[in-house]
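A.B. asks: If it helps, the file is called work_0.pdb and holds PDB, C-alpha atoms, pLDDT in the B column:
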MODEL        1
ATOM      1  CA  MET B   1     109.528 100.461 101.517  1.00 89.00           C
ATOM      2  CA  LYS B   2     106.604 101.878 103.459  1.00 94.00           C
ATOM      3  CA  ASP B   3     105.677 100.241 106.733  1.00 95.00           C
ATOM      4  CA  ALA B   4     103.351 100.430 109.742  1.00 97.00           C
ATOM      5  CA  LEU B   5     105.269 103.335 111.279  1.00 97.00           C
ATOM      6  CA  ALA B   6     104.921 105.470 108.136  1.00 97.00           C
ATOM      7  CA  ILE B   7     101.184 104.739 108.003  1.00 98.00           C
ATOM      8  CA  HIS B   8     100.782 105.434 111.725  1.00 98.00           C
ATOM      9  CA  ARG B   9     102.540 108.809 111.456  1.00 98.00           C
ATOM     10  CA  TRP B  10     100.503 109.799 108.401  1.00 98.00           C
ATOM     11  CA  LEU B  11      97.217 108.880 110.100  1.00 98.00           C
ATOM     12  CA  LEU B  12      98.220 110.787 113.238  1.00 98.00           C
ATOM     13  CA  ALA B  13      98.978 113.840 111.098  1.00 97.00           C
ATOM     14  CA  HIS B  14      95.478 113.525 109.593  1.00 96.00           C
ATOM     15  CA  GLN B  15      93.943 112.989 113.049  1.00 97.00           C
ATOM     16  CA  VAL B  16      92.422 109.634 112.122  1.00 97.00           C
ATOM     17  CA  HIS B  17      91.614 107.204 114.921  1.00 97.00           C
ATOM     18  CA  HIS B  18      93.305 103.889 114.147  1.00 98.00           C
ATOM     19  CA  GLU B  19      95.257 101.032 115.638  1.00 98.00           C
ATOM     20  CA  ILE B  20      98.280  99.113 114.446  1.00 98.00           C
ATOM     21  CA  VAL B  21      97.483  95.513 115.381  1.00 97.00           C
ATOM     22  CA  ARG B  22     100.257  93.060 116.196  1.00 97.00           C
ATOM     23  CA  LEU B  23      99.390  89.770 114.456  1.00 98.00           C
ATOM     24  CA  PRO B  24      99.591  86.436 116.293  1.00 96.00           C
ATOM     25  CA  ARG B  25     101.546  84.966 113.373  1.00 97.00           C
ATOM     26  CA  PRO B  26     103.143  86.439 110.255  1.00 97.00           C
ATOM     27  CA  MET B  27     101.217  86.610 107.009  1.00 97.00           C
ATOM     28  CA  THR B  28     102.485  86.698 103.439  1.00 96.00           C
ATOM     29  CA  CYS B  29      99.483  88.275 101.721  1.00 97.00           C
ATOM     30  CA  ALA B  30      96.264  90.172 102.444  1.00 98.00           C
ATOM     31  CA  GLU B  31      94.168  87.081 101.705  1.00 98.00           C
ATOM     32  CA  GLU B  32      95.525  85.544 104.942  1.00 98.00           C
ATOM     33  CA  LEU B  33      94.278  88.468 107.047  1.00 98.00           C
ATOM     34  CA  PRO B  34      90.774  87.095 107.861  1.00 98.00           C
ATOM     35  CA  ALA B  35      92.154  83.822 109.223  1.00 97.00           C
ATOM     36  CA  THR B  36      95.034  85.524 111.016  1.00 97.00           C
ATOM     37  CA  ILE B  37      92.843  87.941 113.013  1.00 96.00           C
ATOM     38  CA  SER B  38      89.510  86.043 112.943  1.00 96.00           C
ATOM     39  CA  ALA B  39      87.705  88.739 110.954  1.00 96.00           C
ATOM     40  CA  ALA B  40      85.141  88.434 108.185  1.00 97.00           C
ATOM     41  CA  PRO B  41      86.665  88.629 104.679  1.00 98.00           C
ATOM     42  CA  GLU B  42      84.204  91.479 103.963  1.00 97.00           C
ATOM     43  CA  ARG B  43      85.971  93.527 106.679  1.00 98.00           C
ATOM     44  CA  CYS B  44      89.505  92.904 105.343  1.00 98.00           C
ATOM     45  CA  VAL B  45      90.835  95.155 102.606  1.00 98.00           C
ATOM     46  CA  ALA B  46      93.326  94.139  99.939  1.00 98.00           C
ATOM     47  CA  VAL B  47      95.107  95.969  97.154  1.00 98.00           C
ATOM     48  CA  THR B  48      95.560  93.898  94.009  1.00 98.00           C
ATOM     49  CA  VAL B  49      97.995  95.246  91.430  1.00 98.00           C
ATOM     50  CA  PHE B  50      97.689  94.499  87.734  1.00 97.00           C
ATOM     51  CA  GLU B  51      99.708  95.512  84.704  1.00 95.00           C
ATOM     52  CA  ARG B  52      98.073  96.673  81.520  1.00 92.00           C
ATOM     53  CA  GLN B  53      99.743  97.176  78.190  1.00 82.00           C
ATOM     54  CA  ALA B  54      99.982 100.932  77.621  1.00 68.00           C
ATOM     55  CA  ARG B  55     101.457 101.832  74.269  1.00 71.00           C
ATOM     56  CA  ARG B  56     105.014 100.497  74.444  1.00 75.00           C
ATOM     57  CA  ASP B  57     105.313  99.742  78.141  1.00 80.00           C
ATOM     58  CA  ARG B  58     103.250  98.365  80.983  1.00 85.00           C
ATOM     59  CA  GLU B  59     101.279 100.537  83.387  1.00 91.00           C
ATOM     60  CA  ALA B  60     100.400  99.472  86.937  1.00 95.00           C
ATOM     61  CA  VAL B  61      96.765  99.568  88.056  1.00 96.00           C
ATOM     62  CA  ALA B  62      95.874  99.039  91.725  1.00 98.00           C
ATOM     63  CA  VAL B  63      92.424  97.831  92.770  1.00 98.00           C
ATOM     64  CA  VAL B  64      91.238  98.342  96.354  1.00 98.00           C
ATOM     65  CA  SER B  65      88.638  95.750  97.354  1.00 98.00           C
ATOM     66  CA  THR B  66      87.699  93.431 100.163  1.00 97.00           C
ATOM     67  CA  VAL B  67      89.302  90.025 100.481  1.00 98.00           C
ATOM     68  CA  ALA B  68      85.802  88.594  99.912  1.00 96.00           C
ATOM     69  CA  ASP B  69      85.551  90.248  96.476  1.00 94.00           C
ATOM     70  CA  LEU B  70      89.034  90.188  94.950  1.00 96.00           C
ATOM     71  CA  PRO B  71      89.147  91.464  91.358  1.00 95.00           C
ATOM     72  CA  THR B  72      90.156  89.388  88.368  1.00 93.00           C
ATOM     73  CA  ALA B  73      92.385  90.479  85.517  1.00 92.00           C
ATOM     74  CA  HIS B  74      89.483  89.850  83.141  1.00 89.00           C
ATOM     75  CA  ALA B  75      87.147  92.182  85.074  1.00 91.00           C
ATOM     76  CA  VAL B  76      89.789  94.921  85.190  1.00 92.00           C
ATOM     77  CA  SER B  77      90.458  94.468  81.473  1.00 90.00           C
ATOM     78  CA  LEU B  78      86.746  94.841  80.671  1.00 89.00           C
ATOM     79  CA  LEU B  79      86.502  97.869  82.912  1.00 88.00           C
ATOM     80  CA  LEU B  80      89.508  99.626  81.406  1.00 86.00           C
ATOM     81  CA  GLY B  81      88.790  98.569  77.860  1.00 82.00           C
ATOM     82  CA  SER B  82      92.328  97.203  77.635  1.00 66.00           C
ATOM     83  CA  GLY B  83      92.996  93.976  75.833  1.00 68.00           C
ATOM     84  CA  THR B  84      95.927  92.890  77.980  1.00 88.00           C
ATOM     85  CA  VAL B  85      95.676  93.037  81.766  1.00 93.00           C
ATOM     86  CA  VAL B  86      97.643  90.582  83.893  1.00 94.00           C
ATOM     87  CA  PRO B  87      98.480  90.274  87.593  1.00 96.00           C
ATOM     88  CA  ALA B  88     101.636  92.257  88.262  1.00 97.00           C
ATOM     89  CA  PRO B  89     104.726  90.289  89.297  1.00 97.00           C
ATOM     90  CA  ALA B  90     106.094  90.925  92.805  1.00 97.00           C
ATOM     91  CA  PHE B  91     108.938  93.183  91.677  1.00 97.00           C
ATOM     92  CA  ALA B  92     106.479  95.377  89.746  1.00 96.00           C
ATOM     93  CA  VAL B  93     104.129  95.596  92.756  1.00 98.00           C
ATOM     94  CA  ASN B  94     107.036  96.628  94.983  1.00 97.00           C
ATOM     95  CA  ALA B  95     108.182  99.276  92.498  1.00 97.00           C
ATOM     96  CA  ALA B  96     104.698 100.655  91.782  1.00 97.00           C
ATOM     97  CA  THR B  97     103.440 100.837  95.381  1.00 98.00           C
ATOM     98  CA  ASP B  98     106.536 101.071  97.585  1.00 97.00           C
ATOM     99  CA  TYR B  99     105.027  98.269  99.698  1.00 98.00           C
ATOM    100  CA  ALA B 100     105.933  94.590  99.897  1.00 96.00           C
ATOM    101  CA  ALA B 101     103.988  92.573  97.325  1.00 97.00           C
ATOM    102  CA  GLY B 102     100.909  90.930  98.826  1.00 97.00           C
ATOM    103  CA  LEU B 103     100.907  93.308 101.798  1.00 98.00           C
ATOM    104  CA  VAL B 104     100.011  96.574 100.067  1.00 98.00           C
ATOM    105  CA  CYS B 105      98.093  99.094 102.158  1.00 98.00           C
ATOM    106  CA  PRO B 106      95.558 101.275 100.296  1.00 98.00           C
ATOM    107  CA  LEU B 107      96.976 104.361 102.040  1.00 98.00           C
ATOM    108  CA  LEU B 108     100.060 106.326 100.961  1.00 98.00           C
ATOM    109  CA  LEU B 109     100.034 104.930  97.437  1.00 98.00           C
ATOM    110  CA  PRO B 110     102.075 106.998  94.955  1.00 97.00           C
ATOM    111  CA  LEU B 111     100.126 109.742  93.182  1.00 96.00           C
ATOM    112  CA  GLU B 112     101.131 108.453  89.743  1.00 95.00           C
ATOM    113  CA  LEU B 113      99.614 105.011  90.430  1.00 97.00           C
ATOM    114  CA  PHE B 114      96.208 104.532  88.789  1.00 96.00           C
ATOM    115  CA  VAL B 115      93.848 103.347  91.568  1.00 98.00           C
ATOM    116  CA  LEU B 116      90.367 101.834  91.310  1.00 97.00           C
ATOM    117  CA  VAL B 117      88.187 101.423  94.414  1.00 97.00           C
ATOM    118  CA  ASP B 118      85.509  98.737  94.366  1.00 96.00           C
ATOM    119  CA  ARG B 119      82.124 100.223  95.256  1.00 94.00           C
ATOM    120  CA  ARG B 120      81.337  97.089  97.298  1.00 94.00           C
ATOM    121  CA  MET B 121      83.747  98.185 100.038  1.00 96.00           C
ATOM    122  CA  PRO B 122      82.075  98.564 103.464  1.00 94.00           C
ATOM    123  CA  THR B 123      80.485 102.002 103.871  1.00 92.00           C
ATOM    124  CA  ASP B 124      79.188 101.644 107.402  1.00 90.00           C
ATOM    125  CA  GLY B 125      80.777 102.896 110.586  1.00 83.00           C
ATOM    126  CA  GLY B 126      82.328  99.503 111.316  1.00 95.00           C
ATOM    127  CA  LEU B 127      85.977  98.636 111.490  1.00 98.00           C
ATOM    128  CA  VAL B 128      88.074  97.273 108.630  1.00 98.00           C
ATOM    129  CA  PHE B 129      91.536  95.750 108.563  1.00 98.00           C
ATOM    130  CA  THR B 130      94.271  96.158 105.983  1.00 98.00           C
ATOM    131  CA  PRO B 131      97.919  95.132 105.639  1.00 98.00           C
ATOM    132  CA  THR B 132     100.640  97.623 106.519  1.00 98.00           C
ATOM    133  CA  GLY B 133     103.375  96.343 104.254  1.00 97.00           C
ATOM    134  CA  GLU B 134     104.760  94.270 107.110  1.00 97.00           C
ATOM    135  CA  ARG B 135     104.174  90.584 107.827  1.00 97.00           C
ATOM    136  CA  HIS B 136     103.557  91.023 111.572  1.00 98.00           C
ATOM    137  CA  THR B 137     101.113  93.973 111.660  1.00 98.00           C
ATOM    138  CA  ALA B 138      97.758  95.093 110.301  1.00 98.00           C
ATOM    139  CA  LEU B 139      95.915  98.397 110.400  1.00 98.00           C
ATOM    140  CA  ARG B 140      92.472  98.699 111.990  1.00 98.00           C
ATOM    141  CA  LEU B 141      90.336 101.784 111.340  1.00 98.00           C
ATOM    142  CA  HIS B 142      86.767 102.807 110.570  1.00 97.00           C
ATOM    143  CA  ALA B 143      85.575 101.923 107.068  1.00 97.00           C
ATOM    144  CA  LEU B 144      84.415 105.486 106.364  1.00 96.00           C
ATOM    145  CA  ASP B 145      87.809 106.903 107.359  1.00 97.00           C
ATOM    146  CA  LEU B 146      89.537 104.495 105.010  1.00 97.00           C
ATOM    147  CA  LEU B 147      87.238 105.370 102.114  1.00 96.00           C
ATOM    148  CA  ARG B 148      87.728 109.077 102.792  1.00 96.00           C
ATOM    149  CA  LEU B 149      91.508 108.715 102.674  1.00 97.00           C
ATOM    150  CA  VAL B 150      91.879 106.348  99.708  1.00 96.00           C
ATOM    151  CA  ARG B 151      92.197 108.213  96.472  1.00 92.00           C
ATOM    152  CA  GLY B 152      91.019 106.578  93.294  1.00 95.00           C
ATOM    153  CA  LYS B 153      88.171 106.119  90.874  1.00 95.00           C
ATOM    154  CA  THR B 154      85.164 104.311  92.322  1.00 94.00           C
ATOM    155  CA  VAL B 155      83.927 101.421  90.182  1.00 94.00           C
ATOM    156  CA  ASP B 156      81.473  98.554  90.604  1.00 89.00           C
ATOM    157  CA  LEU B 157      83.428  95.395  89.883  1.00 87.00           C
ATOM    158  CA  GLY B 158      80.365  93.367  90.872  1.00 82.00           C
ATOM    159  CA  LEU B 159      78.489  94.826  87.915  1.00 73.00           C
ATOM    160  CA  ILE B 160      81.365  93.838  85.629  1.00 66.00           C
ATOM    161  CA  ARG B 161      81.056  90.241  86.797  1.00 54.00           C
ATOM    162  CA  ARG B 162      77.277  90.249  86.357  1.00 53.00           C
ATOM    163  CA  ARG B 163      77.047  92.056  83.032  1.00 52.00           C
ATOM    164  CA  GLY B 164      80.546  91.957  81.578  1.00 49.00           C
ATOM    165  CA  THR B 165      80.309  95.582  80.453  1.00 48.00           C
ATOM    166  CA  ARG B 166      81.989  98.893  81.104  1.00 46.00           C
ATOM    167  CA  GLU B 167      78.767 100.311  82.620  1.00 49.00           C
ATOM    168  CA  ALA B 168      80.376  99.661  85.976  1.00 45.00           C
ATOM    169  CA  VAL B 169      82.443 102.825  85.850  1.00 45.00           C
ATOM    170  CA  ALA B 170      80.998 105.312  88.301  1.00 42.00           C
ATOM    171  CA  LEU B 171      81.720 108.966  88.668  1.00 36.00           C
ATOM    172  CA  GLY B 172      84.873 108.553  90.690  1.00 39.00           C
ATOM    173  CA  HIS B 173      86.572 110.817  93.126  1.00 37.00           C
TER     174      HIS B 173
ENDMDL
END
Would you put the structure from the file into structure tokens?
C.D. replies:
Amino acid sequence: MKDALAIHRWLLAHQVHHEIVRLPRPMTCAEELPATISAAPERCVAVTVFERQARRDREAVAVVSTVADLPTAHAVSLLLGSGTVVPAPAFAVNAATDYAAGLVCPLLLPLELFVLVDRRMPTDGGLVFTPTGERHTALRLHALDLLRLVRGKTVDLGLIRRRGTREAVALGH
């Protein structure tokens, strides 16, 4: 399993200014991050993993968003045009991401994992927080650095909620 040390080393190698923050109490999922560190939910990043039916087996799909705008299985299903999209069980999240379920960091995700990035993520120079895969630490870095390092297709999940269409797919990176 990946952890704060692996993330720290990778960010150092990429010369990205960051801080591994020791939390005052352990957390079990990214949704607890705002209350744990007294940060706005719009500044806390979560990775939600879903499974979609792909031919004869299930394929994992990770969605990077803020805690304030967590995706739903229905929105992801509409976006992908798949009939069956469900939240992935913990063992599938662990296997697909190599992070502890609920504490997935958007960095260092496996290349074979299909990743969507919500366009509503902060794009200013401010700081954001994300889990590190560990219950006692979080990662703090600039929002633009995070967006530069996260690989995935950029989508507007807000548009999906408003219109319920696949028009939300943007030209991703």
A.B. asks: The PyMOL selection byres ((chain B and resi 138-145) around 9) - which residues does that actually catch in the file I just gave you? List them as a ChimeraX atom specification.
C.D. replies: /B:4,7-8,16-23,33,43,105,121-137,146-150
A.B. asks: For this structure, which residues satisfy the selection - the PyMOL selection byres ((chain B and resi 84-101) around 12) - when it is evaluated on the file as given? I want them as a PyMOL selection string.
C.D. replies: chain B and resi 1-4+6-7+27-30+46-55+57-63+70-83+102-115+131-135
A.B. asks: Expressed in Å to a single decimal, how great is the separation between atom CA of B:Thr36 and atom CA of B:Val155?
C.D. replies: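 Interatomic distance here is 28.5 Å.
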A.B. asks: What would stretch 120-147 of chain B look like with N, CA and C atoms in place, written as a PDB file, in the frame of the given file?
C.D. replies:
ATOM      1  N   ARG B 120      81.867  98.033  96.307  1.00 94.00           N
ATOM      2  CA  ARG B 120      81.337  97.089  97.298  1.00 94.00           C
ATOM      3  C   ARG B 120      82.087  97.128  98.625  1.00 94.00           C
ATOM      4  N   MET B 121      83.032  98.032  98.764  1.00 96.00           N
ATOM      5  CA  MET B 121      83.747  98.185 100.038  1.00 96.00           C
ATOM      6  C   MET B 121      82.747  98.575 101.123  1.00 96.00           C
ATOM      7  N   PRO B 122      82.991  98.183 102.378  1.00 94.00           N
ATOM      8  CA  PRO B 122      82.075  98.564 103.464  1.00 94.00           C
ATOM      9  C   PRO B 122      81.949 100.082 103.588  1.00 94.00           C
ATOM     10  N   THR B 123      80.722 100.557 103.742  1.00 92.00           N
ATOM     11  CA  THR B 123      80.485 102.002 103.871  1.00 92.00           C
ATOM     12  C   THR B 123      79.795 102.339 105.188  1.00 92.00           C
ATOM     13  N   ASP B 124      79.798 101.396 106.100  1.00 90.00           N
ATOM     14  CA  ASP B 124      79.188 101.644 107.402  1.00 90.00           C
ATOM     15  C   ASP B 124      80.233 102.197 108.368  1.00 90.00           C
ATOM     16  N   GLY B 125      79.849 102.366 109.589  1.00 83.00           N
ATOM     17  CA  GLY B 125      80.777 102.896 110.586  1.00 83.00           C
ATOM     18  C   GLY B 125      81.649 101.838 111.227  1.00 83.00           C
ATOM     19  N   GLY B 126      81.565 100.600 110.732  1.00 95.00           N
ATOM     20  CA  GLY B 126      82.328  99.503 111.316  1.00 95.00           C
ATOM     21  C   GLY B 126      83.811  99.577 111.027  1.00 95.00           C
ATOM     22  N   LEU B 127      84.534  98.686 111.651  1.00 98.00           N
ATOM     23  CA  LEU B 127      85.977  98.636 111.490  1.00 98.00           C
ATOM     24  C   LEU B 127      86.371  97.745 110.318  1.00 98.00           C
ATOM     25  N   VAL B 128      87.471  98.098 109.671  1.00 98.00           N
ATOM     26  CA  VAL B 128      88.074  97.273 108.630  1.00 98.00           C
ATOM     27  C   VAL B 128      89.547  97.089 108.969  1.00 98.00           C
ATOM     28  N   PHE B 129      90.130  96.077 108.355  1.00 98.00           N
ATOM     29  CA  PHE B 129      91.536  95.750 108.563  1.00 98.00           C
ATOM     30  C   PHE B 129      92.239  95.749 107.215  1.00 98.00           C
ATOM     31  N   THR B 130      93.492  96.161 107.206  1.00 98.00           N
ATOM     32  CA  THR B 130      94.271  96.158 105.983  1.00 98.00           C
ATOM     33  C   THR B 130      95.738  95.890 106.322  1.00 98.00           C
ATOM     34  N   PRO B 131      96.486  95.321 105.395  1.00 98.00           N
ATOM     35  CA  PRO B 131      97.919  95.132 105.639  1.00 98.00           C
ATOM     36  C   PRO B 131      98.638  96.474 105.778  1.00 98.00           C
ATOM     37  N   THR B 132      99.826  96.417 106.335  1.00 98.00           N
ATOM     38  CA  THR B 132     100.640  97.623 106.519  1.00 98.00           C
ATOM     39  C   THR B 132     101.940  97.576 105.723  1.00 98.00           C
ATOM     40  N   GLY B 133     102.116  96.522 104.947  1.00 97.00           N
ATOM     41  CA  GLY B 133     103.375  96.343 104.254  1.00 97.00           C
ATOM     42  C   GLY B 133     104.327  95.451 105.032  1.00 97.00           C
ATOM     43  N   GLU B 134     103.950  95.132 106.255  1.00 97.00           N
ATOM     44  CA  GLU B 134     104.760  94.270 107.110  1.00 97.00           C
ATOM     45  C   GLU B 134     104.025  92.966 107.397  1.00 97.00           C
ATOM     46  N   ARG B 135     104.767  91.902 107.599  1.00 97.00           N
ATOM     47  CA  ARG B 135     104.174  90.584 107.827  1.00 97.00           C
ATOM     48  C   ARG B 135     103.544  90.429 109.203  1.00 97.00           C
ATOM     49  N   HIS B 136     103.971  91.227 110.188  1.00 98.00           N
ATOM     50  CA  HIS B 136     103.557  91.023 111.572  1.00 98.00           C
ATOM     51  C   HIS B 136     102.525  92.030 112.068  1.00 98.00           C
ATOM     52  N   THR B 137     102.073  92.965 111.206  1.00 98.00           N
ATOM     53  CA  THR B 137     101.113  93.973 111.660  1.00 98.00           C
ATOM     54  C   THR B 137     100.001  94.170 110.645  1.00 98.00           C
ATOM     55  N   ALA B 138      98.890  94.692 111.143  1.00 98.00           N
ATOM     56  CA  ALA B 138      97.758  95.093 110.301  1.00 98.00           C
ATOM     57  C   ALA B 138      97.249  96.425 110.839  1.00 98.00           C
ATOM     58  N   LEU B 139      96.507  97.116 110.024  1.00 98.00           N
ATOM     59  CA  LEU B 139      95.915  98.397 110.400  1.00 98.00           C
ATOM     60  C   LEU B 139      94.425  98.187 110.616  1.00 98.00           C
ATOM     61  N   ARG B 140      93.909  98.739 111.725  1.00 98.00           N
ATOM     62  CA  ARG B 140      92.472  98.699 111.990  1.00 98.00           C
ATOM     63  C   ARG B 140      91.981 100.135 112.078  1.00 98.00           C
ATOM     64  N   LEU B 141      90.936 100.458 111.304  1.00 98.00           N
ATOM     65  CA  LEU B 141      90.336 101.784 111.340  1.00 98.00           C
ATOM     66  C   LEU B 141      88.899 101.700 110.846  1.00 98.00           C
ATOM     67  N   HIS B 142      88.165 102.774 111.003  1.00 97.00           N
ATOM     68  CA  HIS B 142      86.767 102.807 110.570  1.00 97.00           C
ATOM     69  C   HIS B 142      86.698 102.799 109.042  1.00 97.00           C
ATOM     70  N   ALA B 143      85.742 102.063 108.516  1.00 97.00           N
ATOM     71  CA  ALA B 143      85.575 101.923 107.068  1.00 97.00           C
ATOM     72  C   ALA B 143      85.419 103.280 106.387  1.00 97.00           C
ATOM     73  N   LEU B 144      84.628 104.172 106.981  1.00 96.00           N
ATOM     74  CA  LEU B 144      84.415 105.486 106.364  1.00 96.00           C
ATOM     75  C   LEU B 144      85.696 106.317 106.338  1.00 96.00           C
ATOM     76  N   ASP B 145      86.521 106.201 107.367  1.00 97.00           N
ATOM     77  CA  ASP B 145      87.809 106.903 107.359  1.00 97.00           C
ATOM     78  C   ASP B 145      88.697 106.381 106.239  1.00 97.00           C
ATOM     79  N   LEU B 146      88.726 105.067 106.083  1.00 97.00           N
ATOM     80  CA  LEU B 146      89.537 104.495 105.010  1.00 97.00           C
ATOM     81  C   LEU B 146      89.064 104.991 103.650  1.00 97.00           C
ATOM     82  N   LEU B 147      87.767 104.930 103.408  1.00 96.00           N
ATOM     83  CA  LEU B 147      87.238 105.370 102.114  1.00 96.00           C
ATOM     84  C   LEU B 147      87.492 106.863 101.870  1.00 96.00           C
TER      85      LEU B 147
END
